[in-house]
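First up is the structure itself, then whatever we jot down about it.
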Amino acid sequence: MGIRVLSYFLEVAREESITRAAKRLHISQPTLSKQLKDLESELGKKLFVRSSFSVHLTDEGMLLRKRAEDILDMVDKTAEEFKALGQVAGGNIHIGCAESEGIKHLARRIKAVQKQYPRIRVHLYSGDTDDLSERLDWGLLDFAVIAQAVDLSKYNYLKLPGTDTWGVVMRKDAPLAQKETVCVDDLLDSPLIVSRQGIREDMPKLFRERMDRLCIVATINLTYNGSVLAREGLGYVLTFDKLADTSEQSELCFRPLTPKLETNLFIIWKKYQVFTPAAEVLLNEMKESYAASQ
């Protein structure tokens, strides 16, 4: 299973047509069809459902598409890294980020680096810790910013300044909006909108033996989407402060939890990782700037 064959597979998946993909790839249709059949034989799985005018991915094909995209991204990133070796005039830095207002501290360090090296480009990828860790392990990211404890067996880390405050985003006319703070008991049996990571990591710590009294009506990956659900009256979003619009003009408000609950933000990277010159510059900038908060 070579890189070229994976790129052929992705082109067919995108075009949903062997004929159109062959034209874009500048190869004959019979050649492309044979490459795909050989790939299916190698994997022992059917990747496409073929009809007279189009092709569609099977479940196995959907899985391969995700893996192929990751593999080709990693190939491109590796080529970029070798091209950048020995020079710091420019280069690309790939960073995965959890949702947090604390990203502002990272943004300031990026700005400082780009002031000195204007040709350095930073590419951000948003996701939860599981997604970011997977992409970091695959080599698709140089760094990841997470909002939970660091796996010290796999990663080095720096703690970013400040903390995120937990609370609830809700409509201003919701019953709990009349309170200045919200306690755990207030949320029992209330319609909750929570992150999928939060169900695994944060909710058990908050609710302990009362987890069975939670009424989770929706799970989310991004707080913005959760705030839209809350604005439409679906429930209360358990999240960090300053991630949703709760301004005077908004229909939403934020109430912190009591007792106060805060979370630290960490930027992590793989142990024994070899950085590109651009990523090394950013790492040194962060180490110097965050030294006082470690």
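Starting from 1 in every chain, residues are counted up; chains themselves are A, B, ... following the order of the structure tokens, and ligands are numbered from 1 as listed.
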
Contacts of stretch 28-42 of chain A at 10 Å (only C-alpha atoms; same-chain gap of 5+ positions) as a list in words
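Residues meeting the cut-off are Met1, Gly2, Arg4, Val5, Leu6, Tyr8, Phe9, Val12, Ile18, Thr19, Arg20, Ala21, Ala22, Lys23, Leu47, Phe48 and Gly61 of chain A.
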
Excluding same-chain residues fewer than 5 positions from stretch 174-177 of chain A, what lies within 9 Å of it counting only C-alpha atoms, as number ranges by chain?
A: 169, 182, 186-187, 233, 235-236, 253-255

Name the residues in contact with A:Gly162 at a cut-off of 9 Å, using only C-alpha atoms, excluding same-chain residues fewer than 5 positions from it; report them as a list in words.
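Final neighbour list, sorted by chain and number: Gly102, His105, Thr263, Asn264, Leu265 and Ser293 of chain A.
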
Which residues are near A:Arg65? Cut-off 9 Å, only C-alpha atoms, ignore same chain within fewer than 5 positions. Put them as JSON, numbers by chain.
{"A": [6, 9, 10, 13, 57, 60, 70]}

Please save N, CA, C and O atoms of the selected residues as a JSON list (two decimals), in the first residue's frame.
[["chain", "number", "residue", "atom", "x", "y", "z"],
["A", 6, "LEU", "N", -2.63, 5.50, -2.18],
["A", 6, "LEU", "CA", -3.51, 6.18, -1.22],
["A", 6, "LEU", "C", -4.01, 7.51, -1.78],
["A", 6, "LEU", "O", -5.17, 7.88, -1.57],
["A", 9, "PHE", "N", -6.71, 6.69, -4.20],
["A", 9, "PHE", "CA", -7.92, 6.32, -3.46],
["A", 9, "PHE", "C", -8.66, 7.57, -2.96],
["A", 9, "PHE", "O", -9.89, 7.67, -3.09],
["A", 10, "LEU", "N", -7.93, 8.52, -2.40],
["A", 10, "LEU", "CA", -8.56, 9.74, -1.89],
["A", 10, "LEU", "C", -9.20, 10.56, -3.00],
["A", 10, "LEU", "O", -10.26, 11.15, -2.81],
["A", 13, "ALA", "N", -12.44, 8.97, -3.80],
["A", 13, "ALA", "CA", -13.38, 9.21, -2.71],
["A", 13, "ALA", "C", -13.95, 10.62, -2.78],
["A", 13, "ALA", "O", -15.14, 10.84, -2.53],
["A", 57, "LEU", "N", -18.17, 5.23, -0.72],
["A", 57, "LEU", "CA", -17.34, 4.50, 0.23],
["A", 57, "LEU", "C", -18.19, 3.57, 1.10],
["A", 57, "LEU", "O", -19.28, 3.93, 1.54],
["A", 60, "GLU", "N", -15.69, 0.43, 5.61],
["A", 60, "GLU", "CA", -14.23, 0.20, 5.60],
["A", 60, "GLU", "C", -13.52, 1.28, 4.79],
["A", 60, "GLU", "O", -12.43, 1.73, 5.14],
["A", 70, "ASP", "N", -4.65, 11.24, 7.10],
["A", 70, "ASP", "CA", -3.64, 11.46, 8.14],
["A", 70, "ASP", "C", -2.24, 11.10, 7.62],
["A", 70, "ASP", "O", -1.26, 11.82, 7.87]]

Distance query stretch 131-138 of chain A at most 10 Å, only C-alpha atoms, self and fewer than 2 positions along chain excluded, as a PyMOL selection string:
chain A and resi 70-71+74+94-98+125-129+140-146+151+154-155+268-270

Counting only C-alpha atoms, the option among A:Asp173, A:Asp59, A:Glu16, A:Asp130 closest to A:Asn221:
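Looking at the shortest contact to A:Asn221, the residue is A:Asp130.
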
Taking into account only C-alpha atoms, which residue in the set A:Ser54, A:Asn92, A:Thr246, A:Thr163 is nearest to A:Thr276?
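The answer is A:Asn92, which sits nearest to A:Thr276.
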
Using only C-alpha atoms, the residue out of A:Arg196, A:Cys215, A:Glu201, A:Phe207 with shortest distance to A:Ala149 is A:Glu201

Write out as a PyMOL selection string all residues of stretch 28-235 of chain A that DSSP puts in alpha helix (DSSP H) for this structure's backbone.
chain A and resi 29-43+59-84+103-116+129-138+184-187+196-201+203-207+223-231

Atom CA of A:His56 sits from atom CA of A:Ile27 at a separation of 20.4 Å

Just asking: which residues within stretch 65-121 of chain A are strand (DSSP E or B) according to DSSP, as a short mmCIF file (atom, residue, chain, number, x, y, z; two decimals) with C-alpha atoms, in the first residue's frame?
data_model
loop_
_atom_site.label_atom_id
_atom_site.label_comp_id
_atom_site.auth_asym_id
_atom_site.auth_seq_id
_atom_site.Cartn_x
_atom_site.Cartn_y
_atom_site.Cartn_z
CA GLY A 90 10.42 30.53 7.80
CA GLY A 91 8.55 27.29 8.27
CA ASN A 92 5.28 25.82 9.49
CA ILE A 93 4.24 24.98 13.06
CA HIS A 94 1.25 22.73 13.65
CA ILE A 95 -0.57 23.10 16.98
CA GLY A 96 -3.68 21.35 18.27
CA CYS A 97 -5.79 23.39 20.68
CA ARG A 119 7.78 33.89 7.31
CA ILE A 120 6.90 31.43 10.09
CA ARG A 121 3.30 30.23 9.76
#

One decimal place gives the atom CA of A:Lys66-atom CA of A:Gln148 separation as 26.0 Å

Could you work out how far atom CA of A:Leu222 lies from atom CA of A:Ser195, giving the answer in Å with one decimal?
7.6 Å

Can you list, as a list of chain:residue names, every protein, DNA or RNA residue that comes within 12 Å of A:Asp185 when you count only C-alpha atoms, leaving out same-chain residues fewer than 6 positions away?
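The residues satisfying every condition are A:Leu176, A:Leu206, A:Phe207, A:Arg208, A:Arg210, A:Met211, A:Arg213, A:Leu214, A:Leu257, A:Thr258, A:Pro259.
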
Export of the given selection (N, CA, C and O atoms) as an mmCIF file, in the first residue's frame:
data_model
loop_
_atom_site.group_PDB
_atom_site.id
_atom_site.type_symbol
_atom_site.label_atom_id
_atom_site.label_comp_id
_atom_site.auth_asym_id
_atom_site.auth_seq_id
_atom_site.Cartn_x
_atom_site.Cartn_y
_atom_site.Cartn_z
ATOM 1 N N LEU A 176 -32.042 29.097 36.526
ATOM 2 C CA LEU A 176 -30.770 29.224 37.245
ATOM 3 C C LEU A 176 -30.069 30.546 36.983
ATOM 4 O O LEU A 176 -29.123 30.894 37.685
ATOM 5 N N LEU A 206 -17.022 16.012 39.390
ATOM 6 C CA LEU A 206 -17.981 16.988 39.888
ATOM 7 C C LEU A 206 -19.141 16.329 40.636
ATOM 8 O O LEU A 206 -19.527 16.765 41.722
ATOM 9 N N PHE A 207 -19.695 15.284 40.038
ATOM 10 C CA PHE A 207 -20.944 14.728 40.552
ATOM 11 C C PHE A 207 -20.767 13.436 41.348
ATOM 12 O O PHE A 207 -21.695 13.003 42.016
ATOM 13 N N ARG A 208 -19.601 12.808 41.238
ATOM 14 C CA ARG A 208 -19.262 11.610 42.020
ATOM 15 C C ARG A 208 -20.389 10.571 41.963
ATOM 16 O O ARG A 208 -20.785 10.137 40.893
ATOM 17 N N ARG A 210 -23.421 10.809 42.292
ATOM 18 C CA ARG A 210 -24.715 11.272 41.790
ATOM 19 C C ARG A 210 -24.768 11.345 40.264
ATOM 20 O O ARG A 210 -25.658 11.973 39.688
ATOM 21 N N MET A 211 -23.825 10.694 39.596
ATOM 22 C CA MET A 211 -23.803 10.696 38.132
ATOM 23 C C MET A 211 -25.106 10.177 37.533
ATOM 24 O O MET A 211 -25.520 10.609 36.460
ATOM 25 N N ARG A 213 -27.987 10.795 38.349
ATOM 26 C CA ARG A 213 -29.044 11.800 38.379
ATOM 27 C C ARG A 213 -28.854 12.886 37.318
ATOM 28 O O ARG A 213 -29.601 13.857 37.270
ATOM 29 N N LEU A 214 -27.853 12.697 36.458
ATOM 30 C CA LEU A 214 -27.629 13.682 35.407
ATOM 31 C C LEU A 214 -28.587 13.448 34.248
ATOM 32 O O LEU A 214 -28.849 12.310 33.851
ATOM 33 N N LEU A 257 -19.484 28.048 38.824
ATOM 34 C CA LEU A 257 -19.835 27.016 39.795
ATOM 35 C C LEU A 257 -19.360 27.417 41.184
ATOM 36 O O LEU A 257 -18.374 28.148 41.330
ATOM 37 N N THR A 258 -20.062 26.939 42.167
ATOM 38 C CA THR A 258 -19.614 27.078 43.547
ATOM 39 C C THR A 258 -19.718 25.724 44.240
ATOM 40 O O THR A 258 -20.722 25.033 44.074
ATOM 41 N N PRO A 259 -18.668 25.278 44.955
ATOM 42 C CA PRO A 259 -17.375 25.927 45.134
ATOM 43 C C PRO A 259 -16.669 26.151 43.792
ATOM 44 O O PRO A 259 -16.897 25.400 42.849
#
